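Enquirer: Please read through the structure below; I'll follow up with questions.
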Amino acid sequence: MASRLSNIISAAFGREPINVSYNKYNEAFFSWLGAGFTQYDTKAPTYISEGYNVNPIVFSVIKQQATKTSSIPYYIKDIEDEKAKSQLNVLLKATNNNLTPQQQIKKLTLENKAFSDELMDMPLEVPNPLQSWTEFHDLYKTFYALTGNVYIYMLKPSEGVNAGTPIAIYLLPSHLTEIVVKPNVNLLGVESPIHSYLLTSGNQCVSFEAENVIHIKSSNPNYDDNGSHLYGMSRLQAGLKNMASSNKALDLNIKTLQSGGAFGFIHGTKIPLDVNQAKEIKERLQEMNKSDEDLAKIAGMSAEVAFTRISLTTAELQPFEYLKFDQKQICNVLGWSDNLLNNDDGGKYDKQLQEQKRVVTDNIQPDLLLLQDALNKYFLPLFKGYEKSELIYDISELPEMQQDTKTMVDWAVMLLDRGVVNRNEVRDIVTFAKVDDDNMEVFTVANDLLTLDEAIESEFNIEPPKQ
């Protein structure tokens with residue numbers, strides 16, 4: 001796969017941007033440099049080969065997550081007010097972006113101050129010749145959810161007019177990518193310890209310079225001197241036994257169906273069957289099983305025989321009960337809801353809506369914010385005209401979030417009626433374009449659309465009734 005990726009990049013852009021070496025020379029090569037490999041999650045390929053590729057629970061959860069991630073709207077705007085942007089970041093981090101309607105209004109107000117109204121295009125129309133941005137976001141979530149790591153390789157010309165500006169970006173296979181640390185590096189120092197990234201497939205390796213790779217990773221409490229903490233921890237690592245258990249339950253069910261029932265012995269009840277009799281009975285049973293004729297299922301027997309079962313049936317083993325347990329545990333470690341897996345025990349409609357909203361705010365959005373921060377810090381500033389721009393993923397337009405939008409609009413209207421905001425500010429809150437009319441900037445109150453100044457003037461006040 002590494003060789004194929006190298007060939008694709010070379011063919012697409014007519015140049016060789018990476019170094020290719022063979023496994024048997026890698027250890028000696030990096031030892032000569034004084035660098036060393038890190039200790040990483042050796043089960044990473046297992047999460048894909050034994051999980052995503054063959055386990056229907058893992059596949060269903062990850063696919064739902066990836067599809068939802070790729071459907072999140074995003075836009076790019078210029079930053080106009082750094083102070084408002086800083087306040088916005090504080091708000092989002094303090095609340096983990098799980099906002100009340102009041103906080104939603106504050107967020108939108110700060111966004112309107114921090115960013116320009118004009119939307120900008122993504123600097124690359126497509127991330128690379130093989131993918132659209134929808135596919136890119138889908139695969140980003142897939143790799144991150146499965147392995148806890150995402151490696152984004154930026155293909156940049158080293159010379160010419162566009163030197164240093166990405167002309168394509170690729171998602172490297174996270175389960176095949178290792179980190180090579182610098183020689184004699186202090187893992188607790190302020191300098192980045194990463195020398196390069198190594199993509200290994202079969203007997204070939206592709207080396208990528210650290211400055212051309214954006215590494216996004218989950219938190220990892222596993223620390224050692226080999227640099228294990230430089231990798232993100234896969235969520236599936238904690239659910240590996242449940243993944244193996246569910247695979248085993250499915251295999252067992254298939255074997256039981258293929259055998260036509262439980263295993264056992266046919267034997268004589270009074271007189272034991274000799275070898276030839278047992279062989280003839282087996283051959284006759286095989287003939288009966290192969291034939292589709294109804295009468296072929298009837299056979300004669302001169303001796304009294306019995307059947308002794310030596311295995312448990314699926315009803316006794318209850319593999320589907322174990323599957324339900326494994327399904328719940330796999331959903332738990334992946335941060336998803338088993339109510340969304342179309343199972344018979346799924347919640348009612350209201351519960352479904354509640355869970356759809358929860359997984360967006362607790363799973364989809366936090367992982368997308370990691371991508372948002374990484375692209376804003378390491379990708380967008382490399383393009384001319386995007387030095388002070390920011391990419392924003394907006395979940396408010398999703399169907400699951402419309403109830404929050406309704407509540408937020410009700411709050412905005414209440415603030416308008418009380419003279420706290422003007423009409424153009426309300427239009428900002430509901431993401432409508434501002435109207436170029438001075439009257440839209442006037443603060444009014446609900447009664448007869450009085451301006452705020454008119455409302456507090458005595459001639460407009462109603463005297464209280466005399467006692």
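So you can find residues: chains in the structure tokens are A, B, ... in the order shown, residues in each start at 1, and ligands are numbered from 1 in order.
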Applying 10 Å and only C-alpha atoms, which residues near Gln372 in chain A remain after dropping the ones on its own chain fewer than 3 positions away? List them as a ChimeraX atom specification.
Expert: /A:74,365-369,375-377,379,390-393
Enquirer: Hey, can you spit out that residue selection with N, CA, C and O atoms as a compact mmCIF listing (two decimals), in the first residue's frame?
Expert:
```txt
# COMPACT_ATOMS: atom_id res chain seq x y z
N TYR A 74 -19.52 23.31 6.93
CA TYR A 74 -18.35 24.08 7.38
C TYR A 74 -18.18 25.30 6.49
O TYR A 74 -18.68 25.35 5.36
N GLN A 365 -18.90 16.24 17.20
CA GLN A 365 -18.33 17.59 17.25
C GLN A 365 -16.96 17.66 17.91
O GLN A 365 -16.05 18.29 17.37
N PRO A 366 -16.74 17.01 19.08
CA PRO A 366 -15.40 17.08 19.68
C PRO A 366 -14.29 16.57 18.77
O PRO A 366 -13.21 17.17 18.71
N ASP A 367 -14.56 15.48 18.04
CA ASP A 367 -13.53 14.95 17.14
C ASP A 367 -13.31 15.87 15.94
O ASP A 367 -12.19 15.99 15.43
N LEU A 368 -14.38 16.52 15.49
CA LEU A 368 -14.23 17.47 14.38
C LEU A 368 -13.48 18.73 14.82
O LEU A 368 -12.75 19.34 14.02
N LEU A 369 -13.64 19.13 16.08
CA LEU A 369 -12.93 20.31 16.58
C LEU A 369 -11.42 20.07 16.59
O LEU A 369 -10.64 21.02 16.40
N LEU A 375 -6.24 22.08 11.21
CA LEU A 375 -6.23 22.73 9.89
C LEU A 375 -6.04 24.24 10.02
O LEU A 375 -5.35 24.86 9.20
N ASN A 376 -6.63 24.84 11.05
CA ASN A 376 -6.48 26.28 11.25
C ASN A 376 -5.06 26.66 11.65
O ASN A 376 -4.59 27.76 11.33
N LYS A 377 -4.37 25.76 12.33
CA LYS A 377 -3.02 26.06 12.81
C LYS A 377 -1.94 25.71 11.79
O LYS A 377 -0.97 26.46 11.63
N PHE A 379 -2.53 24.24 8.36
CA PHE A 379 -2.88 24.11 6.94
C PHE A 379 -3.27 25.45 6.31
O PHE A 379 -2.62 25.91 5.37
N GLU A 390 -10.17 31.38 9.37
CA GLU A 390 -10.43 30.23 10.24
C GLU A 390 -11.55 29.37 9.67
O GLU A 390 -12.56 29.89 9.19
N LEU A 391 -11.33 28.07 9.72
CA LEU A 391 -12.33 27.08 9.32
C LEU A 391 -13.22 26.78 10.51
O LEU A 391 -12.72 26.58 11.62
N ILE A 392 -14.53 26.73 10.29
CA ILE A 392 -15.48 26.49 11.37
C ILE A 392 -16.47 25.42 10.94
O ILE A 392 -17.07 25.51 9.86
N TYR A 393 -16.63 24.39 11.78
CA TYR A 393 -17.66 23.37 11.55
C TYR A 393 -18.90 23.75 12.37
O TYR A 393 -18.80 24.04 13.56
```
Enquirer: Between CA of Val333 in chain A and CA of Leu236 in chain A, what is the distance in Å, rounded to a tenth?
Expert: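 Straight-line distance from CA of Val333 in chain A to CA of Leu236 in chain A works out to 6.5 Å.
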Enquirer: Identify, on the basis of only C-alpha atoms, every residue whose closest approach to Ala238 in chain A does not exceed 12 Å; exclude the query and any residue fewer than 4 positions from it along the same chain; express the result as a PyMOL selection string.
Expert: chain A and resi 43+47+146-147+233-234+242-244+329-334
Enquirer: At a cut-off of 9 Å, using only C-alpha atoms, what residues contact Glu50 in chain A? Leave out same-chain residues fewer than 4 positions from it and give the result as a list in words.
Expert: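 Here the qualifying residues turn out to be Pro45, Thr46, Val54, Asn55, Met243, Ala244 and Asn247 of chain A.
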Enquirer: Output the selection as a PDB file, in the first residue's frame - all heavy atoms for each residue.
Expert:
```pdb
ATOM      1  N   PRO A  45      -3.693  -2.673  13.340  1.00  0.00           N
ATOM      2  CA  PRO A  45      -4.244  -3.349  12.158  1.00  0.00           C
ATOM      3  C   PRO A  45      -5.399  -4.288  12.501  1.00  0.00           C
ATOM      4  O   PRO A  45      -6.292  -4.509  11.678  1.00  0.00           O
ATOM      5  CB  PRO A  45      -3.040  -4.129  11.609  1.00  0.00           C
ATOM      6  CG  PRO A  45      -1.846  -3.416  12.134  1.00  0.00           C
ATOM      7  CD  PRO A  45      -2.250  -2.938  13.493  1.00  0.00           C
ATOM      8  N   THR A  46      -5.392  -4.824  13.734  1.00  0.00           N
ATOM      9  CA  THR A  46      -6.456  -5.739  14.151  1.00  0.00           C
ATOM     10  C   THR A  46      -7.791  -5.029  14.230  1.00  0.00           C
ATOM     11  O   THR A  46      -8.832  -5.610  13.923  1.00  0.00           O
ATOM     12  CB  THR A  46      -6.122  -6.358  15.524  1.00  0.00           C
ATOM     13  OG1 THR A  46      -4.861  -7.031  15.438  1.00  0.00           O
ATOM     14  CG2 THR A  46      -7.190  -7.353  15.953  1.00  0.00           C
ATOM     15  N   VAL A  54     -14.876  -7.062   9.375  1.00  0.00           N
ATOM     16  CA  VAL A  54     -15.669  -8.284   9.532  1.00  0.00           C
ATOM     17  C   VAL A  54     -16.706  -8.220  10.647  1.00  0.00           C
ATOM     18  O   VAL A  54     -17.622  -9.042  10.679  1.00  0.00           O
ATOM     19  CB  VAL A  54     -14.751  -9.500   9.783  1.00  0.00           C
ATOM     20  CG1 VAL A  54     -13.798  -9.711   8.629  1.00  0.00           C
ATOM     21  CG2 VAL A  54     -13.988  -9.368  11.094  1.00  0.00           C
ATOM     22  N   ASN A  55     -16.568  -7.285  11.580  1.00  0.00           N
ATOM     23  CA  ASN A  55     -17.490  -7.228  12.711  1.00  0.00           C
ATOM     24  C   ASN A  55     -18.620  -6.253  12.403  1.00  0.00           C
ATOM     25  O   ASN A  55     -18.375  -5.046  12.260  1.00  0.00           O
ATOM     26  CB  ASN A  55     -16.744  -6.792  13.978  1.00  0.00           C
ATOM     27  CG  ASN A  55     -17.610  -6.892  15.217  1.00  0.00           C
ATOM     28  OD1 ASN A  55     -18.552  -6.142  15.375  1.00  0.00           O
ATOM     29  ND2 ASN A  55     -17.278  -7.817  16.101  1.00  0.00           N
ATOM     30  N   MET A 243     -14.986  -7.265  21.014  1.00  0.00           N
ATOM     31  CA  MET A 243     -14.943  -7.429  19.563  1.00  0.00           C
ATOM     32  C   MET A 243     -14.641  -8.878  19.203  1.00  0.00           C
ATOM     33  O   MET A 243     -15.296  -9.471  18.333  1.00  0.00           O
ATOM     34  CB  MET A 243     -13.878  -6.499  18.975  1.00  0.00           C
ATOM     35  CG  MET A 243     -13.891  -6.399  17.473  1.00  0.00           C
ATOM     36  SD  MET A 243     -12.684  -5.182  16.884  1.00  0.00           S
ATOM     37  CE  MET A 243     -11.165  -6.127  17.028  1.00  0.00           C
ATOM     38  N   ALA A 244     -13.661  -9.482  19.909  1.00  0.00           N
ATOM     39  CA  ALA A 244     -13.321 -10.885  19.663  1.00  0.00           C
ATOM     40  C   ALA A 244     -14.467 -11.810  20.066  1.00  0.00           C
ATOM     41  O   ALA A 244     -14.756 -12.801  19.385  1.00  0.00           O
ATOM     42  CB  ALA A 244     -12.050 -11.253  20.430  1.00  0.00           C
ATOM     43  N   ASN A 247     -17.219 -11.689  17.444  1.00  0.00           N
ATOM     44  CA  ASN A 247     -16.791 -12.447  16.260  1.00  0.00           C
ATOM     45  C   ASN A 247     -16.941 -13.948  16.487  1.00  0.00           C
ATOM     46  O   ASN A 247     -17.381 -14.692  15.617  1.00  0.00           O
ATOM     47  CB  ASN A 247     -15.331 -12.126  15.922  1.00  0.00           C
ATOM     48  CG  ASN A 247     -15.166 -10.772  15.263  1.00  0.00           C
ATOM     49  OD1 ASN A 247     -16.140 -10.188  14.779  1.00  0.00           O
ATOM     50  ND2 ASN A 247     -13.955 -10.262  15.254  1.00  0.00           N
TER      51      ASN A 247
END
```
Enquirer: Please run DSSP on the backbone and report, as an MDAnalysis selection string, all residues within range 88-286 of chain A that come out as strand (DSSP E or B).
Expert: chainID A and resid 115 120 128 131 149:155 168:172 177:181 194:201 204:209 213:217 264:268
Enquirer: Between A:Ala44, A:Leu108, A:Met154, A:Val190, single out the one closest to Thr177 in chain A, counting only C-alpha atoms.
Expert: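 Checking each candidate against Thr177 in chain A, we get A:Ala44 as the closest.
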Enquirer: I want to know what sits within 12 Å of Ser60 in chain A, based on only C-alpha atoms, with residues of the same chain fewer than 3 positions away left out; could you give that as a PyMOL selection string?
Expert: chain A and resi 51-57+63-67+142+327+330-331+334+336-338+340-343
Enquirer: Could you dump the residues just selected with N, CA, C and O atoms as an mmCIF file, in the first residue's frame?
Expert:
```cif
data_model
loop_
_atom_site.group_PDB
_atom_site.id
_atom_site.type_symbol
_atom_site.label_atom_id
_atom_site.label_comp_id
_atom_site.auth_asym_id
_atom_site.auth_seq_id
_atom_site.Cartn_x
_atom_site.Cartn_y
_atom_site.Cartn_z
ATOM 1 N N GLY A 51 -12.052 -6.003 13.077
ATOM 2 C CA GLY A 51 -13.137 -5.158 13.562
ATOM 3 C C GLY A 51 -13.955 -4.584 12.429
ATOM 4 O O GLY A 51 -14.990 -5.131 12.037
ATOM 5 N N TYR A 52 -13.472 -3.498 11.842
ATOM 6 C CA TYR A 52 -14.228 -2.769 10.816
ATOM 7 C C TYR A 52 -14.551 -3.653 9.610
ATOM 8 O O TYR A 52 -15.640 -3.564 9.044
ATOM 9 N N ASN A 53 -13.616 -4.527 9.225
ATOM 10 C CA ASN A 53 -13.807 -5.315 8.004
ATOM 11 C C ASN A 53 -14.760 -6.492 8.161
ATOM 12 O O ASN A 53 -15.386 -6.903 7.180
ATOM 13 N N VAL A 54 -14.876 -7.062 9.375
ATOM 14 C CA VAL A 54 -15.669 -8.284 9.532
ATOM 15 C C VAL A 54 -16.706 -8.220 10.647
ATOM 16 O O VAL A 54 -17.622 -9.042 10.679
ATOM 17 N N ASN A 55 -16.568 -7.285 11.580
ATOM 18 C CA ASN A 55 -17.490 -7.228 12.711
ATOM 19 C C ASN A 55 -18.620 -6.253 12.403
ATOM 20 O O ASN A 55 -18.375 -5.046 12.260
ATOM 21 N N PRO A 56 -19.865 -6.729 12.280
ATOM 22 C CA PRO A 56 -20.968 -5.845 11.883
ATOM 23 C C PRO A 56 -21.267 -4.748 12.898
ATOM 24 O O PRO A 56 -21.756 -3.680 12.523
ATOM 25 N N ILE A 57 -20.983 -5.005 14.181
ATOM 26 C CA ILE A 57 -21.242 -3.977 15.199
ATOM 27 C C ILE A 57 -20.257 -2.827 15.035
ATOM 28 O O ILE A 57 -20.643 -1.659 14.971
ATOM 29 N N LYS A 63 -19.332 3.469 10.737
ATOM 30 C CA LYS A 63 -19.898 4.009 9.501
ATOM 31 C C LYS A 63 -20.911 5.108 9.807
ATOM 32 O O LYS A 63 -20.960 6.132 9.111
ATOM 33 N N GLN A 64 -21.732 4.902 10.842
ATOM 34 C CA GLN A 64 -22.667 5.954 11.235
ATOM 35 C C GLN A 64 -21.911 7.210 11.655
ATOM 36 O O GLN A 64 -22.295 8.339 11.290
ATOM 37 N N GLN A 65 -20.846 7.037 12.416
ATOM 38 C CA GLN A 65 -20.063 8.178 12.865
ATOM 39 C C GLN A 65 -19.430 8.913 11.683
ATOM 40 O O GLN A 65 -19.453 10.145 11.607
ATOM 41 N N ALA A 66 -18.855 8.143 10.761
ATOM 42 C CA ALA A 66 -18.171 8.742 9.614
ATOM 43 C C ALA A 66 -19.150 9.464 8.695
ATOM 44 O O ALA A 66 -18.869 10.561 8.201
ATOM 45 N N THR A 67 -20.303 8.855 8.458
ATOM 46 C CA THR A 67 -21.314 9.479 7.591
ATOM 47 C C THR A 67 -21.823 10.775 8.189
ATOM 48 O O THR A 67 -21.979 11.781 7.483
ATOM 49 N N THR A 142 -13.182 7.750 10.348
ATOM 50 C CA THR A 142 -12.979 6.308 10.391
ATOM 51 C C THR A 142 -11.636 5.959 11.029
ATOM 52 O O THR A 142 -11.557 5.122 11.934
ATOM 53 N N GLN A 327 -22.390 -5.828 21.981
ATOM 54 C CA GLN A 327 -22.805 -4.662 21.210
ATOM 55 C C GLN A 327 -22.844 -3.420 22.092
ATOM 56 O O GLN A 327 -22.355 -2.350 21.701
ATOM 57 N N ILE A 330 -19.233 -2.379 23.017
ATOM 58 C CA ILE A 330 -18.537 -1.775 21.876
ATOM 59 C C ILE A 330 -19.058 -0.359 21.630
ATOM 60 O O ILE A 330 -18.283 0.572 21.371
ATOM 61 N N CYS A 331 -20.373 -0.180 21.729
ATOM 62 C CA CYS A 331 -20.949 1.164 21.583
ATOM 63 C C CYS A 331 -20.434 2.099 22.680
ATOM 64 O O CYS A 331 -20.144 3.273 22.421
ATOM 65 N N LEU A 334 -16.832 3.179 21.965
ATOM 66 C CA LEU A 334 -16.756 4.030 20.775
ATOM 67 C C LEU A 334 -17.551 5.322 20.932
ATOM 68 O O LEU A 334 -17.608 6.141 20.008
ATOM 69 N N TRP A 336 -20.862 5.784 21.317
ATOM 70 C CA TRP A 336 -22.064 5.791 20.489
ATOM 71 C C TRP A 336 -23.235 5.235 21.282
ATOM 72 O O TRP A 336 -23.080 4.793 22.429
ATOM 73 N N SER A 337 -24.419 5.256 20.705
ATOM 74 C CA SER A 337 -25.614 4.743 21.361
ATOM 75 C C SER A 337 -26.121 3.508 20.631
ATOM 76 O O SER A 337 -26.329 3.538 19.415
ATOM 77 N N ASP A 338 -26.322 2.411 21.381
ATOM 78 C CA ASP A 338 -26.852 1.208 20.743
ATOM 79 C C ASP A 338 -28.312 1.383 20.352
ATOM 80 O O ASP A 338 -28.859 0.576 19.599
ATOM 81 N N LEU A 340 -29.263 3.496 18.360
ATOM 82 C CA LEU A 340 -29.226 3.964 16.969
ATOM 83 C C LEU A 340 -28.824 2.860 15.993
ATOM 84 O O LEU A 340 -28.587 3.131 14.819
ATOM 85 N N LEU A 341 -28.776 1.610 16.475
ATOM 86 C CA LEU A 341 -28.332 0.505 15.627
ATOM 87 C C LEU A 341 -29.477 -0.337 15.079
ATOM 88 O O LEU A 341 -29.287 -1.485 14.694
ATOM 89 N N ASN A 342 -30.682 0.194 15.082
ATOM 90 C CA ASN A 342 -31.820 -0.494 14.481
ATOM 91 C C ASN A 342 -32.075 -1.848 15.131
ATOM 92 O O ASN A 342 -32.473 -2.808 14.471
ATOM 93 N N ASN A 343 -31.852 -1.938 16.456
ATOM 94 C CA ASN A 343 -32.117 -3.208 17.136
ATOM 95 C C ASN A 343 -33.521 -3.211 17.721
ATOM 96 O O ASN A 343 -34.146 -2.171 17.890
#
```
Enquirer: Find the residue from A:Thr95, A:Gln354, A:Gln131, A:Asn149 that sits nearest to Ser218 in chain A; use only C-alpha atoms when measuring.
Expert: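 Ranked by minimum distance to Ser218 in chain A, first place goes to A:Asn149.
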Enquirer: Name the closest residue to Leu370 in chain A among the candidates A:Lys217, A:Ser192, A:Lys388, A:Lys182; distances are taken between atoms, counting only C-alpha atoms.
Expert: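 The shortest atom-to-atom distance to Leu370 in chain A comes from A:Lys217.
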Enquirer: If you measure from CA of Leu187 in chain A to CA of Ile152 in chain A, what distance in Å do you get, rounded to one decimal?
Expert: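 Value for the CA of Leu187 in chain A-CA of Ile152 in chain A distance: 22.6 Å.
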Enquirer: So that I can check the surroundings of Leu124 in chain A, please list as a PyMOL selection string every protein, DNA and RNA residue that reaches within 12 Å of it, counting only C-alpha atoms and ignoring chain neighbours fewer than 4 positions away.
Expert: chain A and resi 120+128-129+131-133+154+165-169+379-380+382-383+386
Enquirer: Filtering to all heavy atoms, could you give me those residues as a short mmCIF file (atom, residue, chain, number, x, y, z; two decimals), in the first residue's frame?
Expert:
```
data_model
loop_
_atom_site.label_atom_id
_atom_site.label_comp_id
_atom_site.auth_asym_id
_atom_site.auth_seq_id
_atom_site.Cartn_x
_atom_site.Cartn_y
_atom_site.Cartn_z
N MET A 120 -15.42 32.35 2.58
CA MET A 120 -14.30 32.07 1.70
C MET A 120 -14.34 30.60 1.28
O MET A 120 -14.86 29.75 2.00
CB MET A 120 -12.97 32.36 2.41
CG MET A 120 -12.88 33.77 2.96
SD MET A 120 -11.36 34.05 3.91
CE MET A 120 -10.12 33.93 2.62
N ASN A 128 -7.25 15.92 -2.73
CA ASN A 128 -6.30 15.25 -3.60
C ASN A 128 -7.07 14.66 -4.79
O ASN A 128 -8.31 14.67 -4.78
CB ASN A 128 -5.54 14.15 -2.84
CG ASN A 128 -6.48 13.12 -2.23
OD1 ASN A 128 -7.09 12.32 -2.94
ND2 ASN A 128 -6.61 13.14 -0.90
N PRO A 129 -6.39 14.20 -5.82
CA PRO A 129 -7.09 13.70 -7.01
C PRO A 129 -7.98 12.50 -6.77
O PRO A 129 -8.82 12.16 -7.61
CB PRO A 129 -5.95 13.34 -7.96
CG PRO A 129 -4.78 14.11 -7.50
CD PRO A 129 -4.93 14.21 -6.02
N GLN A 131 -9.96 11.96 -3.87
CA GLN A 131 -11.02 12.14 -2.89
C GLN A 131 -11.70 13.49 -3.04
O GLN A 131 -11.11 14.46 -3.52
CB GLN A 131 -10.44 12.07 -1.46
CG GLN A 131 -10.04 10.70 -0.98
CD GLN A 131 -9.51 10.77 0.43
OE1 GLN A 131 -8.73 11.65 0.78
NE2 GLN A 131 -9.92 9.82 1.27
N SER A 132 -12.95 13.53 -2.59
CA SER A 132 -13.65 14.80 -2.37
C SER A 132 -13.48 15.15 -0.89
O SER A 132 -13.01 14.34 -0.09
CB SER A 132 -15.13 14.65 -2.70
OG SER A 132 -15.76 13.74 -1.81
N TRP A 133 -13.89 16.36 -0.50
CA TRP A 133 -13.81 16.73 0.90
C TRP A 133 -14.77 15.89 1.75
O TRP A 133 -14.50 15.60 2.92
CB TRP A 133 -14.10 18.22 1.09
CG TRP A 133 -12.93 19.08 0.73
CD1 TRP A 133 -12.79 19.90 -0.36
CD2 TRP A 133 -11.70 19.19 1.47
NE1 TRP A 133 -11.56 20.50 -0.35
CE2 TRP A 133 -10.88 20.09 0.77
CE3 TRP A 133 -11.24 18.61 2.65
CZ2 TRP A 133 -9.59 20.43 1.22
CZ3 TRP A 133 -9.96 18.94 3.09
CH2 TRP A 133 -9.16 19.84 2.38
N MET A 154 0.85 16.60 3.83
CA MET A 154 0.70 17.76 2.94
C MET A 154 1.78 17.70 1.86
O MET A 154 2.98 17.77 2.18
CB MET A 154 0.81 19.06 3.74
CG MET A 154 -0.28 19.24 4.77
SD MET A 154 -0.16 20.84 5.66
CE MET A 154 1.34 20.57 6.61
N THR A 165 3.56 25.79 -0.29
CA THR A 165 2.09 25.82 -0.26
C THR A 165 1.55 24.46 -0.68
O THR A 165 1.90 23.95 -1.75
CB THR A 165 1.54 26.89 -1.21
OG1 THR A 165 2.06 28.18 -0.85
CG2 THR A 165 0.02 26.94 -1.14
N PRO A 166 0.70 23.84 0.13
CA PRO A 166 0.19 22.50 -0.21
C PRO A 166 -0.57 22.50 -1.54
O PRO A 166 -1.37 23.40 -1.81
CB PRO A 166 -0.75 22.17 0.95
CG PRO A 166 -0.29 23.02 2.08
CD PRO A 166 0.21 24.29 1.45
N ILE A 167 -0.29 21.51 -2.36
CA ILE A 167 -1.06 21.33 -3.60
C ILE A 167 -1.99 20.13 -3.48
O ILE A 167 -2.83 19.91 -4.35
CB ILE A 167 -0.13 21.16 -4.81
CG1 ILE A 167 0.85 20.00 -4.61
CG2 ILE A 167 0.63 22.45 -5.09
CD1 ILE A 167 1.76 19.74 -5.81
N ALA A 168 -1.84 19.35 -2.39
CA ALA A 168 -2.74 18.22 -2.11
C ALA A 168 -2.46 17.75 -0.69
O ALA A 168 -1.36 17.95 -0.15
CB ALA A 168 -2.52 17.08 -3.10
N ILE A 169 -3.46 17.16 -0.07
CA ILE A 169 -3.26 16.53 1.24
C ILE A 169 -3.86 15.13 1.21
O ILE A 169 -4.90 14.89 0.59
CB ILE A 169 -3.87 17.36 2.39
CG1 ILE A 169 -5.38 17.56 2.20
CG2 ILE A 169 -3.17 18.68 2.53
CD1 ILE A 169 -6.04 18.26 3.38
N PHE A 379 -2.53 24.24 8.36
CA PHE A 379 -2.88 24.11 6.94
C PHE A 379 -3.27 25.45 6.31
O PHE A 379 -2.62 25.91 5.37
CB PHE A 379 -4.01 23.09 6.80
CG PHE A 379 -4.53 22.91 5.40
CD1 PHE A 379 -3.74 22.33 4.42
CD2 PHE A 379 -5.82 23.33 5.06
CE1 PHE A 379 -4.23 22.16 3.11
CE2 PHE A 379 -6.30 23.16 3.78
CZ PHE A 379 -5.50 22.58 2.80
N LEU A 380 -4.32 26.08 6.80
CA LEU A 380 -4.81 27.32 6.18
C LEU A 380 -3.77 28.43 6.10
O LEU A 380 -3.67 29.12 5.07
CB LEU A 380 -6.05 27.82 6.93
CG LEU A 380 -7.38 27.13 6.62
CD1 LEU A 380 -8.51 27.79 7.38
CD2 LEU A 380 -7.67 27.12 5.13
N LEU A 382 -0.82 28.45 5.41
CA LEU A 382 0.16 28.22 4.35
C LEU A 382 -0.29 28.80 3.01
O LEU A 382 0.51 28.87 2.07
CB LEU A 382 0.45 26.73 4.19
CG LEU A 382 1.02 26.01 5.43
CD1 LEU A 382 1.21 24.53 5.14
CD2 LEU A 382 2.34 26.65 5.86
N PHE A 383 -1.55 29.23 2.93
CA PHE A 383 -2.09 29.76 1.67
C PHE A 383 -2.17 31.28 1.72
O PHE A 383 -2.58 31.87 2.74
CB PHE A 383 -3.49 29.18 1.41
CG PHE A 383 -3.50 27.70 1.16
CD1 PHE A 383 -3.62 26.80 2.21
CD2 PHE A 383 -3.37 27.20 -0.13
CE1 PHE A 383 -3.62 25.44 2.00
CE2 PHE A 383 -3.37 25.84 -0.36
CZ PHE A 383 -3.49 24.95 0.70
N TYR A 386 -5.07 33.53 3.35
CA TYR A 386 -5.74 32.77 4.41
C TYR A 386 -4.98 32.85 5.74
O TYR A 386 -5.27 32.10 6.66
CB TYR A 386 -5.89 31.31 4.01
CG TYR A 386 -6.92 31.07 2.93
CD1 TYR A 386 -6.62 31.30 1.58
CD2 TYR A 386 -8.20 30.61 3.24
CE1 TYR A 386 -7.55 31.07 0.58
CE2 TYR A 386 -9.14 30.37 2.25
CZ TYR A 386 -8.81 30.62 0.92
OH TYR A 386 -9.75 30.40 -0.06
#
```
Enquirer: Which residue gives the smallest distance to Arg358 in chain A among A:Leu273, A:Val435, A:Leu88, A:Met401, with only C-alpha atoms counted?
Expert: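 For Arg358 in chain A, the nearest of the candidates is A:Met401.
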Enquirer: So, counting only C-alpha atoms, which residue among A:Arg284, A:Met440, A:Val420, A:Gly385 is closest to Ile79 in chain A?
Expert: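 Among A:Arg284, A:Met440, A:Val420, A:Gly385, it is A:Gly385 that comes nearest to Ile79 in chain A.
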Enquirer: Work out how far CA of Leu415 in chain A is from CA of Val442 in chain A, in Å to one decimal.
Expert: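 Pair CA of Val442 in chain A / CA of Leu415 in chain A returns 13.3 Å.
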Enquirer: Please determine, counting only C-alpha atoms, which residue among A:Thr407, A:Leu323, A:Val426, A:Val61 has the shortest atom-to-atom distance to Thr100 in chain A.
Expert: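 Under the stated criterion, the closest residue is A:Thr407.
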Enquirer: Tell me which protein, DNA and RNA residues are within 10 Å of Gln87 in chain A, counting only C-alpha atoms, leaving out same-chain ones fewer than 6 positions away, and put them as a list in words.
Expert: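 After dropping sequence-adjacent residues, the list is Lys107, Leu110, Glu111 and Ala114 of chain A.
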Enquirer: Please return, as a PyMOL selection string, all residues of range 63-259 of chain A that DSSP assigns to helix (DSSP H, G or I) on the basis of the backbone.
Expert: chain A and resi 63-70+82-95+101-114+133-147+174-176+210-212+228-230+235-237+240-259
